[in-house]
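Note: the block below is upload.tsv and it holds TSV, C-alpha atoms and all ligand atoms.
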chain	number	residue	atom	x	y	z
Z	506	MET	CA	0.00	0.00	0.00
Z	507	SER	CA	1.28	3.42	-0.85
Z	508	LEU	CA	0.58	6.07	1.76
Z	509	THR	CA	0.74	9.70	0.72
Z	510	PRO	CA	-0.46	12.96	2.28
Z	511	GLN	CA	-3.55	12.72	0.06
Z	512	GLY	CA	-4.55	9.18	0.99
Z	513	GLN	CA	-3.84	5.61	0.06
Z	514	ARG	CA	-3.90	3.35	-2.90
Z	515	ALA	CA	-3.66	-0.39	-3.33
Z	516	SER	CA	-0.81	-2.00	-5.19
Z	517	LEU	CA	-1.42	-4.20	-8.23
Z	518	ASP	CA	-1.20	-7.39	-6.16
Z	519	LYS	CA	-4.58	-6.24	-4.75
Z	520	GLN	CA	-4.34	-7.40	-1.14
Z	521	PRO	CA	-7.95	-7.39	0.18
Z	522	HIS	CA	-7.20	-5.18	3.23
Z	523	GLU	CA	-5.43	-2.62	1.00
Z	524	VAL	CA	-8.26	-2.62	-1.54
Z	525	ALA	CA	-10.89	-2.24	1.20
Z	526	ALA	CA	-8.96	0.60	2.86
Z	527	MET	CA	-8.54	2.39	-0.47
Z	528	PHE	CA	-12.29	2.20	-1.16
Z	529	ASP	CA	-13.06	3.30	2.41
Z	530	GLY	CA	-11.08	6.43	1.48
Z	531	VAL	CA	-13.04	7.21	-1.69
Z	532	ALA	CA	-16.49	6.27	-0.35
Z	533	ALA	CA	-17.66	9.74	0.67
Z	534	ARG	CA	-17.53	11.14	-2.88
Z	535	TYR	CA	-17.49	7.91	-4.90
Z	536	ASP	CA	-20.72	8.41	-6.87
Z	537	LEU	CA	-19.94	12.02	-7.81
Z	538	THR	CA	-16.32	11.28	-8.79
Z	539	ASN	CA	-17.46	8.45	-11.06
Z	540	THR	CA	-19.87	10.61	-12.93
Z	541	VAL	CA	-17.33	13.42	-13.38
Z	542	LEU	CA	-14.46	11.17	-14.52
Z	543	SER	CA	-16.62	9.20	-16.95
Z	544	PHE	CA	-18.30	12.33	-18.39
Z	545	GLY	CA	-21.65	10.91	-17.25
Z	546	GLN	CA	-21.16	7.66	-19.20
Z	547	ASP	CA	-21.39	5.56	-16.00
Z	548	ARG	CA	-25.19	5.84	-16.05
Z	549	PHE	CA	-25.34	4.47	-19.58
Z	550	TRP	CA	-22.95	1.60	-18.67
Z	551	ARG	CA	-25.13	0.65	-15.67
Z	552	ARG	CA	-28.33	0.66	-17.72
Z	553	ALA	CA	-26.64	-1.54	-20.35
Z	554	THR	CA	-25.54	-3.97	-17.62
Z	555	ARG	CA	-29.10	-4.28	-16.34
Z	556	ALA	CA	-30.41	-4.89	-19.88
Z	557	ALA	CA	-27.72	-7.53	-20.60
Z	558	LEU	CA	-28.78	-9.49	-17.52
Z	559	GLY	CA	-32.33	-9.82	-18.88
Z	560	LEU	CA	-33.84	-9.47	-15.40
Z	561	GLY	CA	-37.50	-9.47	-14.51
Z	562	PRO	CA	-39.77	-9.61	-11.48
Z	563	GLY	CA	-39.22	-12.81	-9.50
Z	564	ASP	CA	-35.50	-13.02	-10.37
Z	565	ARG	CA	-32.88	-12.89	-7.62
Z	566	VAL	CA	-29.70	-11.08	-8.65
Z	567	LEU	CA	-26.46	-10.65	-6.72
Z	568	ASP	CA	-24.28	-7.58	-7.33
Z	569	VAL	CA	-20.74	-8.38	-6.17
Z	570	GLY	CA	-18.43	-5.45	-5.37
Z	571	ALA	CA	-21.55	-3.31	-5.10
Z	572	GLY	CA	-19.81	-0.50	-3.23
Z	573	THR	CA	-22.29	2.28	-2.44
Z	574	GLY	CA	-25.08	0.28	-4.08
Z	575	VAL	CA	-25.25	2.53	-7.13
Z	576	SER	CA	-25.10	-0.53	-9.41
Z	577	THR	CA	-27.49	-2.56	-7.20
Z	578	GLU	CA	-30.09	0.22	-7.27
Z	579	GLU	CA	-30.02	0.19	-11.07
Z	580	LEU	CA	-30.61	-3.61	-11.13
Z	581	ALA	CA	-33.65	-3.24	-8.88
Z	582	GLN	CA	-35.27	-1.02	-11.54
Z	583	SER	CA	-35.99	-4.27	-13.43
Z	584	GLY	CA	-38.33	-5.51	-10.71
Z	585	ALA	CA	-35.87	-8.25	-9.70
Z	586	TYR	CA	-34.78	-8.68	-6.07
Z	587	ALA	CA	-31.25	-7.22	-6.11
Z	588	VAL	CA	-28.77	-7.56	-3.25
Z	589	GLY	CA	-25.25	-6.11	-3.12
Z	590	ALA	CA	-22.13	-7.42	-1.36
Z	591	ASP	CA	-18.84	-5.60	-0.82
Z	592	LEU	CA	-15.57	-5.84	1.07
Z	593	SER	CA	-15.32	-2.16	2.05
Z	594	LEU	CA	-17.36	-1.17	5.10
Z	595	GLY	CA	-16.78	2.48	4.20
Z	596	MET	CA	-18.47	2.01	0.83
Z	597	LEU	CA	-21.31	0.02	2.43
Z	598	HIS	CA	-21.89	2.72	5.07
Z	599	ALA	CA	-21.95	5.45	2.40
Z	600	GLY	CA	-24.47	3.32	0.49
Z	601	LYS	CA	-26.65	2.78	3.55
Z	602	ARG	CA	-26.79	6.57	4.04
Z	603	SER	CA	-27.57	7.48	0.43
Z	604	ARG	CA	-29.70	4.42	-0.49
Z	605	PRO	CA	-31.27	3.12	2.72
Z	606	THR	CA	-33.68	0.78	0.92
Z	607	VAL	CA	-31.03	-1.07	-1.14
Z	608	PRO	CA	-30.02	-4.36	0.55
Z	609	LEU	CA	-26.23	-4.30	1.01
Z	610	LEU	CA	-24.06	-6.63	3.03
Z	611	ALA	CA	-20.42	-7.32	3.78
Z	612	GLY	CA	-18.96	-10.11	1.67
Z	613	ASP	CA	-15.78	-11.11	-0.14
Z	614	ALA	CA	-16.04	-12.06	-3.82
Z	615	LEU	CA	-13.70	-14.96	-3.04
Z	616	ARG	CA	-15.93	-16.38	-0.29
Z	617	LEU	CA	-19.49	-15.22	-0.80
Z	618	PRO	CA	-21.86	-15.61	2.14
Z	619	PHE	CA	-24.48	-17.52	0.09
Z	620	ALA	CA	-25.36	-21.15	-0.52
Z	621	ASP	CA	-24.71	-22.85	-3.86
Z	622	ALA	CA	-27.15	-21.93	-6.68
Z	623	SER	CA	-28.84	-19.14	-4.67
Z	624	PHE	CA	-29.22	-16.67	-7.55
Z	625	ASP	CA	-30.78	-16.51	-11.02
Z	626	ALA	CA	-28.14	-13.99	-12.07
Z	627	VAL	CA	-24.91	-12.48	-10.77
Z	628	THR	CA	-23.05	-9.39	-11.84
Z	629	ILE	CA	-19.91	-7.50	-10.96
Z	630	SER	CA	-19.36	-3.90	-12.11
Z	631	PHE	CA	-15.94	-2.26	-12.03
Z	632	ALA	CA	-14.92	-4.62	-9.24
Z	633	LEU	CA	-13.53	-7.86	-10.74
Z	634	ARG	CA	-10.36	-5.91	-11.67
Z	635	ASN	CA	-9.84	-5.18	-7.96
Z	636	VAL	CA	-10.09	-8.77	-6.70
Z	637	SER	CA	-6.75	-10.46	-5.99
Z	638	ASP	CA	-7.66	-13.73	-7.77
Z	639	THR	CA	-9.83	-13.13	-10.86
Z	640	ASP	CA	-10.28	-16.81	-11.74
Z	641	ALA	CA	-11.24	-17.82	-8.19
Z	642	ALA	CA	-13.80	-14.97	-8.10
Z	643	LEU	CA	-15.33	-16.13	-11.40
Z	644	ARG	CA	-15.62	-19.67	-10.00
Z	645	GLU	CA	-17.19	-18.34	-6.79
Z	646	LEU	CA	-19.73	-16.37	-8.85
Z	647	ALA	CA	-20.57	-19.61	-10.68
Z	648	ARG	CA	-20.99	-21.46	-7.38
Z	649	VAL	CA	-23.76	-19.14	-6.13
Z	650	THR	CA	-25.58	-19.09	-9.51
Z	651	ARG	CA	-28.14	-21.74	-10.43
Z	652	PRO	CA	-27.46	-23.87	-13.55
Z	653	GLY	CA	-28.71	-21.85	-16.53
Z	654	GLY	CA	-28.33	-18.59	-14.56
Z	655	ARG	CA	-26.64	-15.52	-16.08
Z	656	LEU	CA	-23.43	-13.60	-15.47
Z	657	VAL	CA	-22.59	-10.09	-16.62
Z	658	VAL	CA	-19.17	-8.61	-15.95
Z	659	CYS	CA	-19.07	-4.85	-16.54
Z	660	GLU	CA	-15.45	-3.71	-16.56
Z	661	PHE	CA	-13.05	-1.26	-18.15
Z	662	SER	CA	-11.48	-2.80	-21.22
Z	663	THR	CA	-9.43	-2.02	-24.34
Z	664	PRO	CA	-10.73	0.53	-26.89
Z	665	VAL	CA	-10.85	-1.11	-30.30
Z	666	ASN	CA	-9.84	1.86	-32.48
Z	667	PRO	CA	-6.03	2.36	-32.25
Z	668	ALA	CA	-6.20	6.19	-32.52
Z	669	PHE	CA	-8.92	6.43	-29.88
Z	670	ARG	CA	-6.97	3.96	-27.71
Z	671	THR	CA	-3.94	6.31	-27.74
Z	672	VAL	CA	-6.04	9.32	-26.73
Z	673	TYR	CA	-7.84	7.31	-24.03
Z	674	LEU	CA	-4.62	5.93	-22.51
Z	675	SER	CA	-3.24	9.45	-22.33
Z	676	TYR	CA	-6.43	10.63	-20.55
Z	677	LEU	CA	-6.17	7.66	-18.19
Z	678	MET	CA	-2.55	8.13	-17.21
Z	679	ARG	CA	-2.35	11.96	-17.18
Z	680	SER	CA	-5.66	13.80	-17.03
Z	681	LEU	CA	-7.75	11.39	-14.93
Z	682	PRO	CA	-5.52	11.56	-11.81
Z	683	ALA	CA	-5.38	15.36	-12.18
Z	684	VAL	CA	-9.18	15.69	-12.43
Z	685	ALA	CA	-9.57	13.26	-9.51
Z	686	ARG	CA	-7.50	15.64	-7.36
Z	687	THR	CA	-10.26	18.21	-7.72
Z	688	VAL	CA	-13.23	15.95	-6.88
Z	689	SER	CA	-12.21	12.78	-5.02
Z	690	SER	CA	-11.78	12.32	-1.27
Z	691	ASN	CA	-8.76	10.05	-2.06
Z	692	PRO	CA	-7.20	11.14	-5.38
Z	693	ASP	CA	-4.37	8.60	-5.06
Z	694	ALA	CA	-6.89	5.81	-5.59
Z	695	TYR	CA	-7.36	7.12	-9.13
Z	696	VAL	CA	-3.68	6.54	-9.93
Z	697	TYR	CA	-4.35	2.90	-8.98
Z	698	LEU	CA	-7.49	3.00	-11.17
Z	699	ALA	CA	-5.44	4.04	-14.22
Z	700	GLU	CA	-2.69	1.48	-13.54
Z	701	SER	CA	-5.11	-1.37	-12.93
Z	702	ILE	CA	-7.04	-0.65	-16.15
Z	703	ARG	CA	-3.81	-0.73	-18.16
Z	704	ALA	CA	-2.85	-4.08	-16.64
Z	705	TRP	CA	-6.31	-5.69	-17.18
Z	706	PRO	CA	-6.87	-8.41	-19.87
Z	707	ASP	CA	-8.48	-7.30	-23.11
Z	708	GLN	CA	-11.89	-8.55	-24.28
Z	709	PRO	CA	-10.90	-11.97	-25.77
Z	710	ALA	CA	-8.52	-12.72	-22.87
Z	711	LEU	CA	-11.18	-12.03	-20.23
Z	712	ALA	CA	-13.74	-14.09	-22.22
Z	713	ALA	CA	-11.35	-17.06	-22.17
Z	714	ARG	CA	-10.94	-16.78	-18.40
Z	715	ILE	CA	-14.71	-16.63	-17.86
Z	716	GLY	CA	-15.13	-19.72	-20.03
Z	717	ALA	CA	-12.52	-21.61	-17.99
Z	718	ALA	CA	-14.30	-20.83	-14.71
Z	719	GLY	CA	-17.55	-22.78	-15.11
Z	720	TRP	CA	-19.38	-20.47	-17.53
Z	721	GLY	CA	-20.64	-21.24	-21.06
Z	722	ARG	CA	-21.88	-19.21	-24.07
Z	723	VAL	CA	-19.43	-16.40	-23.28
Z	724	ALA	CA	-19.83	-13.27	-25.40
Z	725	TRP	CA	-19.08	-9.59	-25.05
Z	726	ARG	CA	-20.29	-6.22	-26.21
Z	727	ASN	CA	-18.15	-3.07	-26.27
Z	728	LEU	CA	-19.52	0.16	-24.82
Z	729	THR	CA	-18.07	3.61	-25.55
Z	730	GLY	CA	-15.75	2.11	-28.20
Z	731	GLY	CA	-14.40	-0.53	-25.81
Z	732	VAL	CA	-13.60	1.78	-22.88
Z	733	VAL	CA	-15.96	-0.62	-21.12
Z	734	ALA	CA	-16.91	-4.17	-22.11
Z	735	LEU	CA	-19.91	-6.17	-20.94
Z	736	HIS	CA	-19.05	-9.87	-20.86
Z	737	ARG	CA	-22.03	-12.16	-20.49
Z	738	ALA	CA	-22.20	-15.90	-19.92
Z	739	VAL	CA	-24.52	-18.67	-18.78
Z	740	ARG	CA	-23.84	-21.03	-15.88
Z	741	ASP	CA	-22.99	-24.52	-17.22
M	801	LIG	C1	-15.03	0.64	-8.35
M	801	LIG	S1	-16.06	0.03	-7.08
M	801	LIG	C2	-17.49	-0.47	-7.96
M	801	LIG	C3	-18.77	-0.24	-7.19
M	801	LIG	C4	-20.05	-0.45	-7.98
M	801	LIG	N1	-20.20	-1.82	-8.42
M	801	LIG	C5	-20.15	0.45	-9.18
M	801	LIG	O1	-20.50	-0.04	-10.26
M	801	LIG	O2	-19.93	1.66	-9.05
M	801	LIG	C6	-15.27	-1.50	-6.72
M	801	LIG	C7	-15.79	-2.15	-5.46
M	801	LIG	O3	-15.29	-3.48	-5.40
M	801	LIG	C8	-15.10	-3.78	-4.03
M	801	LIG	N2	-14.23	-4.95	-3.91
M	801	LIG	C9	-12.93	-5.06	-4.22
M	801	LIG	N3	-12.48	-6.31	-3.94
M	801	LIG	C10	-13.55	-7.00	-3.46
M	801	LIG	C11	-13.74	-8.34	-3.02
M	801	LIG	N4	-12.72	-9.22	-2.98
M	801	LIG	N5	-14.96	-8.71	-2.60
M	801	LIG	C12	-16.01	-7.83	-2.62
M	801	LIG	N6	-15.88	-6.54	-3.02
M	801	LIG	C13	-14.67	-6.14	-3.44
M	801	LIG	C14	-14.49	-2.51	-3.46
M	801	LIG	O4	-14.59	-2.44	-2.05
M	801	LIG	C15	-15.33	-1.46	-4.18
M	801	LIG	O5	-16.43	-1.06	-3.42
Can I see the file as structure tokens?
Ligand SMILES: C[S@@+](CC[C@H](N)C(=O)[O-])C[C@H]1O[C@@H](n2cnc3c(N)ncnc32)[C@H](O)[C@@H]1O
Amino acid sequence: MSLTPQGQRASLDKQPHEVAAMFDGVAARYDLTNTVLSFGQDRFWRRATRAALGLGPGDRVLDVGAGTGVSTEELAQSGAYAVGADLSLGMLHAGKRSRPTVPLLAGDALRLPFADASFDAVTISFALRNVSDTDAALRELARVTRPGGRLVVCEFSTPVNPAFRTVYLSYLMRSLPAVARTVSSNPDAYVYLAESIRAWPDQPALAARIGAAGWGRVAWRNLTGGVVALHRAVRD
């Protein structure tokens, strides 16, 4: 963990206590910072995630790495019963204050506090990248999903157009941390954000890992030119 006068950020080995402490530090202004840094695109990405899950009334959906519950609240718009789980108590407390009706509980993506096959669908938005063992998390998501149930992973990815990719990487590594200094309660966390996005597998590589973790019919859709990708799959 790097400690600076501004705050703290996790290292790329993503130790759970470091990741949780870093998110505790951004919790107070998390929702606002997201919207500013993504130029408002985060709302569109969340709506697309809900649509990709194909939820309806009567479905039970688990939102892993739910943070302040902003993603869980969007899922509930479908009429499904949506519950969020997160490692950071700071994020959960901020969520309880701003969204008191959204069910949120403490839980680690690597050891979810649910029985096998408890959910019709599971999703993880902007959180799989932060888990120390991606493959183990994907297997754990499969464990709590019923056979035939759905997975959607919403995560930053690799822009497909080379010219746009160059501009985006420059925004990520230079401008994003600078903008975060003006809005975030822990700007250092946004240096980690940029580094962790750069180190993350591209669309085909993540699809292969999902397929190796107990999921079938893996496919993806790029959003905002591949800044974000929605990977979807069905529990074998
Ligand atoms: C960038 S936030 C995403 C929050 C929300 N899903 C959204 O779409 O805005 C990532 C969240 O993942 C959580 N997280 C990281 N590692 C986790 C783990 N192993 N288990 C559960 N949550 C985890 C962090 O605490 C943080 O709240």
Closest atom pairs, chain Z residues within 9 Å of ligand LIG 801 (chain M), all atoms listed in the file, as a tab-separated table:
residue	atom	partner	partner_atom	distance
Z:Lys519	CA	M:LIG801	N3	7.9
Z:Gln520	CA	M:LIG801	N3	8.7
Z:Pro521	CA	M:LIG801	N4	6.0
Z:His522	CA	M:LIG801	N3	9.0
Z:Val524	CA	M:LIG801	C9	5.9
Z:Ala525	CA	M:LIG801	O4	4.9
Z:Ala526	CA	M:LIG801	O4	8.1
Z:Met527	CA	M:LIG801	O4	7.9
Z:Phe528	CA	M:LIG801	O4	5.3
Z:Asp529	CA	M:LIG801	O4	7.4
Z:Ala532	CA	M:LIG801	O5	7.9
Z:Tyr535	CA	M:LIG801	O2	7.9
Z:Asp536	CA	M:LIG801	O2	7.1
Z:Asn539	CA	M:LIG801	O2	7.5
Z:Asp547	CA	M:LIG801	O1	8.1
Z:Trp550	CA	M:LIG801	O1	8.9
Z:Arg551	CA	M:LIG801	O1	7.2
Z:Asp568	CA	M:LIG801	N1	7.1
Z:Val569	CA	M:LIG801	C12	5.9
Z:Gly570	CA	M:LIG801	N6	3.6
Z:Ala571	CA	M:LIG801	N1	3.9
Z:Gly572	CA	M:LIG801	O5	3.4
Z:Thr573	CA	M:LIG801	C3	6.4
Z:Gly574	CA	M:LIG801	C4	6.4
Z:Val575	CA	M:LIG801	O2	5.7
Z:Ser576	CA	M:LIG801	O1	4.7
Z:Thr577	CA	M:LIG801	N1	7.4
Z:Gly589	CA	M:LIG801	N1	8.5
Z:Ala590	CA	M:LIG801	C12	6.3
Z:Asp591	CA	M:LIG801	N6	3.8
Z:Leu592	CA	M:LIG801	N6	4.2
Z:Ser593	CA	M:LIG801	O4	4.2
Z:Leu594	CA	M:LIG801	O4	7.8
Z:Gly595	CA	M:LIG801	O4	8.3
Z:Met596	CA	M:LIG801	O5	5.6
Z:Leu597	CA	M:LIG801	O5	7.7
Z:Ala611	CA	M:LIG801	C12	7.8
Z:Gly612	CA	M:LIG801	C12	5.7
Z:Asp613	CA	M:LIG801	N5	3.5
Z:Ala614	CA	M:LIG801	N5	3.7
Z:Leu615	CA	M:LIG801	N4	5.8
Z:Arg616	CA	M:LIG801	N5	8.1
Z:Leu617	CA	M:LIG801	N5	8.1
Z:Thr628	CA	M:LIG801	N1	8.8
Z:Ile629	CA	M:LIG801	N1	6.2
Z:Ser630	CA	M:LIG801	N1	4.3
Z:Phe631	CA	M:LIG801	C2	4.7
Z:Ala632	CA	M:LIG801	O3	4.0
Z:Leu633	CA	M:LIG801	N3	7.1
Z:Arg634	CA	M:LIG801	C9	7.9
Z:Asn635	CA	M:LIG801	C9	4.9
Z:Val636	CA	M:LIG801	N3	4.4
Z:Ser637	CA	M:LIG801	N4	6.8
Z:Asp638	CA	M:LIG801	N4	8.3
Z:Ala642	CA	M:LIG801	N4	7.8
Z:Cys659	CA	M:LIG801	O1	8.0
Z:Glu660	CA	M:LIG801	O1	8.9
Z:Leu698	CA	M:LIG801	C1	8.4
(message) My list of candidates is Z:Arg670, Z:Arg565, Z:Arg740, Z:Arg686. Which is closest to Ala718 (chain Z) when distances are computed with all atoms listed in the file?
(response)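 Under the stated criterion, the closest residue is Z:Arg740.
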(request) Choose the residue, out of Z:His598, Z:Arg644, Z:Arg651, Z:Arg604, that has the smallest atom-to-atom separation from Ala620 (chain Z); count only C-alpha atoms. (result) Z:Arg651
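The two atoms in question, CA of Ala515 (chain Z) and CA of Gly719 (chain Z), are spaced 28.9 Å apart.
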Within 12 Å of region 729-736 of chain Z, which residues of region 554-614 of chain Z show up? Give each one with its shortest atom-to-atom distance in Å (one decimal) and the two atoms involved, counting all atoms listed in the file, rows by chain then rising residue number, as a tab-separated table.
residue	atom	partner	partner_atom	distance
Z:Thr554	CA	Z:Leu735	CA	6.9
Z:Arg555	CA	Z:Leu735	CA	10.4
Z:Ala556	CA	Z:Leu735	CA	10.6
Z:Ala557	CA	Z:Leu735	CA	7.9
Z:Leu558	CA	Z:Leu735	CA	10.1
Writing out the chosen residues with C-alpha atoms as a PDB file, keeping the file's coordinate frame:
ATOM      1  CA  THR Z 554     -25.540  -3.970 -17.620  1.00  0.00           C
ATOM      2  CA  ARG Z 555     -29.100  -4.280 -16.340  1.00  0.00           C
ATOM      3  CA  ALA Z 556     -30.410  -4.890 -19.880  1.00  0.00           C
ATOM      4  CA  ALA Z 557     -27.720  -7.530 -20.600  1.00  0.00           C
ATOM      5  CA  LEU Z 558     -28.780  -9.490 -17.520  1.00  0.00           C
TER       6      LEU Z 558
END
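Each of Z:Ala668, Z:Leu711, Z:Ala581, Z:Val531 was compared to Asp693 (chain Z) using all atoms listed in the file, and Z:Val531 turns out to be the nearest.
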(message) At a cut-off of 6 Å around the point (-11.7, -18.4, -14.8) (file coordinates), what residues fall inside when counting all atoms listed in the file? I'd like the answer as a list of chain:residue names.
(response)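 Protein, DNA and RNA residues close to (-11.7, -18.4, -14.8): Z:Asp640, Z:Leu643, Z:Arg714, Z:Ile715, Z:Ala717, Z:Ala718.
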Nearby residues (only C-alpha atoms) at most 12 Å from Tyr673 (chain Z), same-chain spacing under 4 positions excluded, as a CSV table (one decimal) with C-alpha atoms, in the frame of the given file:
chain,number,residue,atom,x,y,z
Z,543,SER,CA,-16.6,9.2,-17.0
Z,661,PHE,CA,-13.0,-1.3,-18.2
Z,662,SER,CA,-11.5,-2.8,-21.2
Z,663,THR,CA,-9.4,-2.0,-24.3
Z,664,PRO,CA,-10.7,0.5,-26.9
Z,665,VAL,CA,-10.8,-1.1,-30.3
Z,666,ASN,CA,-9.8,1.9,-32.5
Z,667,PRO,CA,-6.0,2.4,-32.2
Z,668,ALA,CA,-6.2,6.2,-32.5
Z,669,PHE,CA,-8.9,6.4,-29.9
Z,677,LEU,CA,-6.2,7.7,-18.2
Z,678,MET,CA,-2.6,8.1,-17.2
Z,679,ARG,CA,-2.4,12.0,-17.2
Z,680,SER,CA,-5.7,13.8,-17.0
Z,681,LEU,CA,-7.8,11.4,-14.9
Z,699,ALA,CA,-5.4,4.0,-14.2
Z,702,ILE,CA,-7.0,-0.6,-16.2
Z,703,ARG,CA,-3.8,-0.7,-18.2
Z,729,THR,CA,-18.1,3.6,-25.6
Z,730,GLY,CA,-15.8,2.1,-28.2
Z,731,GLY,CA,-14.4,-0.5,-25.8
Z,732,VAL,CA,-13.6,1.8,-22.9
Z,733,VAL,CA,-16.0,-0.6,-21.1
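The protein and nucleic acid residues lying at most 8 Å from Ala712 (chain Z) are Gln708, Pro709, Ile715, Gly716, Val723, Ala724, Trp725 and His736 of chain Z, with all atoms listed in the file considered and sequence neighbours fewer than 3 positions away removed.
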Write a file of the selected residues as a compact mmCIF listing (two decimals), in the frame of the given file, keeping C-alpha atoms.
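Output file selection-v5.txt is given in full below:
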# COMPACT_ATOMS: atom_id res chain seq x y z
CA GLN Z 708 -11.89 -8.55 -24.28
CA PRO Z 709 -10.90 -11.97 -25.77
CA ILE Z 715 -14.71 -16.63 -17.86
CA GLY Z 716 -15.13 -19.72 -20.03
CA VAL Z 723 -19.43 -16.40 -23.28
CA ALA Z 724 -19.83 -13.27 -25.40
CA TRP Z 725 -19.08 -9.59 -25.05
CA HIS Z 736 -19.05 -9.87 -20.86
(request) Tell me which of Z:Ser516, Z:Thr540, Z:Ser583, Z:Thr650 sits closest to Leu567 (chain Z), counting all atoms listed in the file. (result)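 Closest candidate: Z:Thr650.
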(request) Find the spatial neighbours of region 653-655 of chain Z, counting all atoms listed in the file, within a cut-off of 7 Å - ignore same-chain residues fewer than 4 positions away - and output them as a VMD selection string. (result) chain Z and resid 558 625 to 627 738 to 741
(message) Under the rule that all atoms listed in the file are counted, which of Z:Pro562, Z:Pro605, Z:Gly600, Z:Pro652 is the nearest residue to Asp621 (chain Z)?
(response) Z:Pro652
(message) Can you measure CA of Pro618 (chain Z) to CA of Val649 (chain Z) for me? One decimal in Å is fine.
(response)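 The value is 9.2 Å.
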Could you please fill out region 597-602 of chain Z with all heavy atoms and send it back as a compact mmCIF listing (two decimals), keeping the file's coordinate frame?
# COMPACT_ATOMS: atom_id res chain seq x y z
N LEU Z 597 -19.99 0.50 2.02
CA LEU Z 597 -21.31 0.02 2.43
C LEU Z 597 -22.02 1.07 3.31
O LEU Z 597 -23.22 1.31 3.15
CB LEU Z 597 -21.18 -1.30 3.19
CG LEU Z 597 -20.74 -2.50 2.32
CD1 LEU Z 597 -20.36 -3.69 3.20
CD2 LEU Z 597 -21.83 -2.90 1.33
N HIS Z 598 -21.27 1.70 4.21
CA HIS Z 598 -21.89 2.72 5.07
C HIS Z 598 -22.37 3.91 4.24
O HIS Z 598 -23.47 4.43 4.45
CB HIS Z 598 -20.90 3.20 6.14
CG HIS Z 598 -20.76 2.21 7.26
ND1 HIS Z 598 -19.55 1.92 7.86
CD2 HIS Z 598 -21.67 1.43 7.88
CE1 HIS Z 598 -19.74 0.99 8.79
NE2 HIS Z 598 -21.01 0.69 8.82
N ALA Z 599 -21.54 4.34 3.27
CA ALA Z 599 -21.95 5.45 2.40
C ALA Z 599 -23.22 5.05 1.65
O ALA Z 599 -24.15 5.87 1.48
CB ALA Z 599 -20.84 5.81 1.42
N GLY Z 600 -23.29 3.80 1.21
CA GLY Z 600 -24.47 3.32 0.49
C GLY Z 600 -25.70 3.28 1.38
O GLY Z 600 -26.80 3.63 0.96
N LYS Z 601 -25.50 2.85 2.62
CA LYS Z 601 -26.65 2.78 3.55
C LYS Z 601 -27.23 4.17 3.80
O LYS Z 601 -28.43 4.33 3.99
CB LYS Z 601 -26.20 2.17 4.90
CG LYS Z 601 -26.09 0.67 4.88
CD LYS Z 601 -27.49 0.02 4.94
CE LYS Z 601 -27.40 -1.47 4.65
NZ LYS Z 601 -28.65 -2.06 4.18
N ARG Z 602 -26.32 5.19 3.82
CA ARG Z 602 -26.79 6.57 4.04
C ARG Z 602 -27.54 7.08 2.81
O ARG Z 602 -28.61 7.65 2.93
CB ARG Z 602 -25.60 7.49 4.33
CG ARG Z 602 -25.20 7.53 5.80
CD ARG Z 602 -24.27 8.70 6.09
NE ARG Z 602 -23.04 8.62 5.32
CZ ARG Z 602 -21.98 7.89 5.68
NH1 ARG Z 602 -22.00 7.19 6.79
NH2 ARG Z 602 -20.89 7.87 4.93
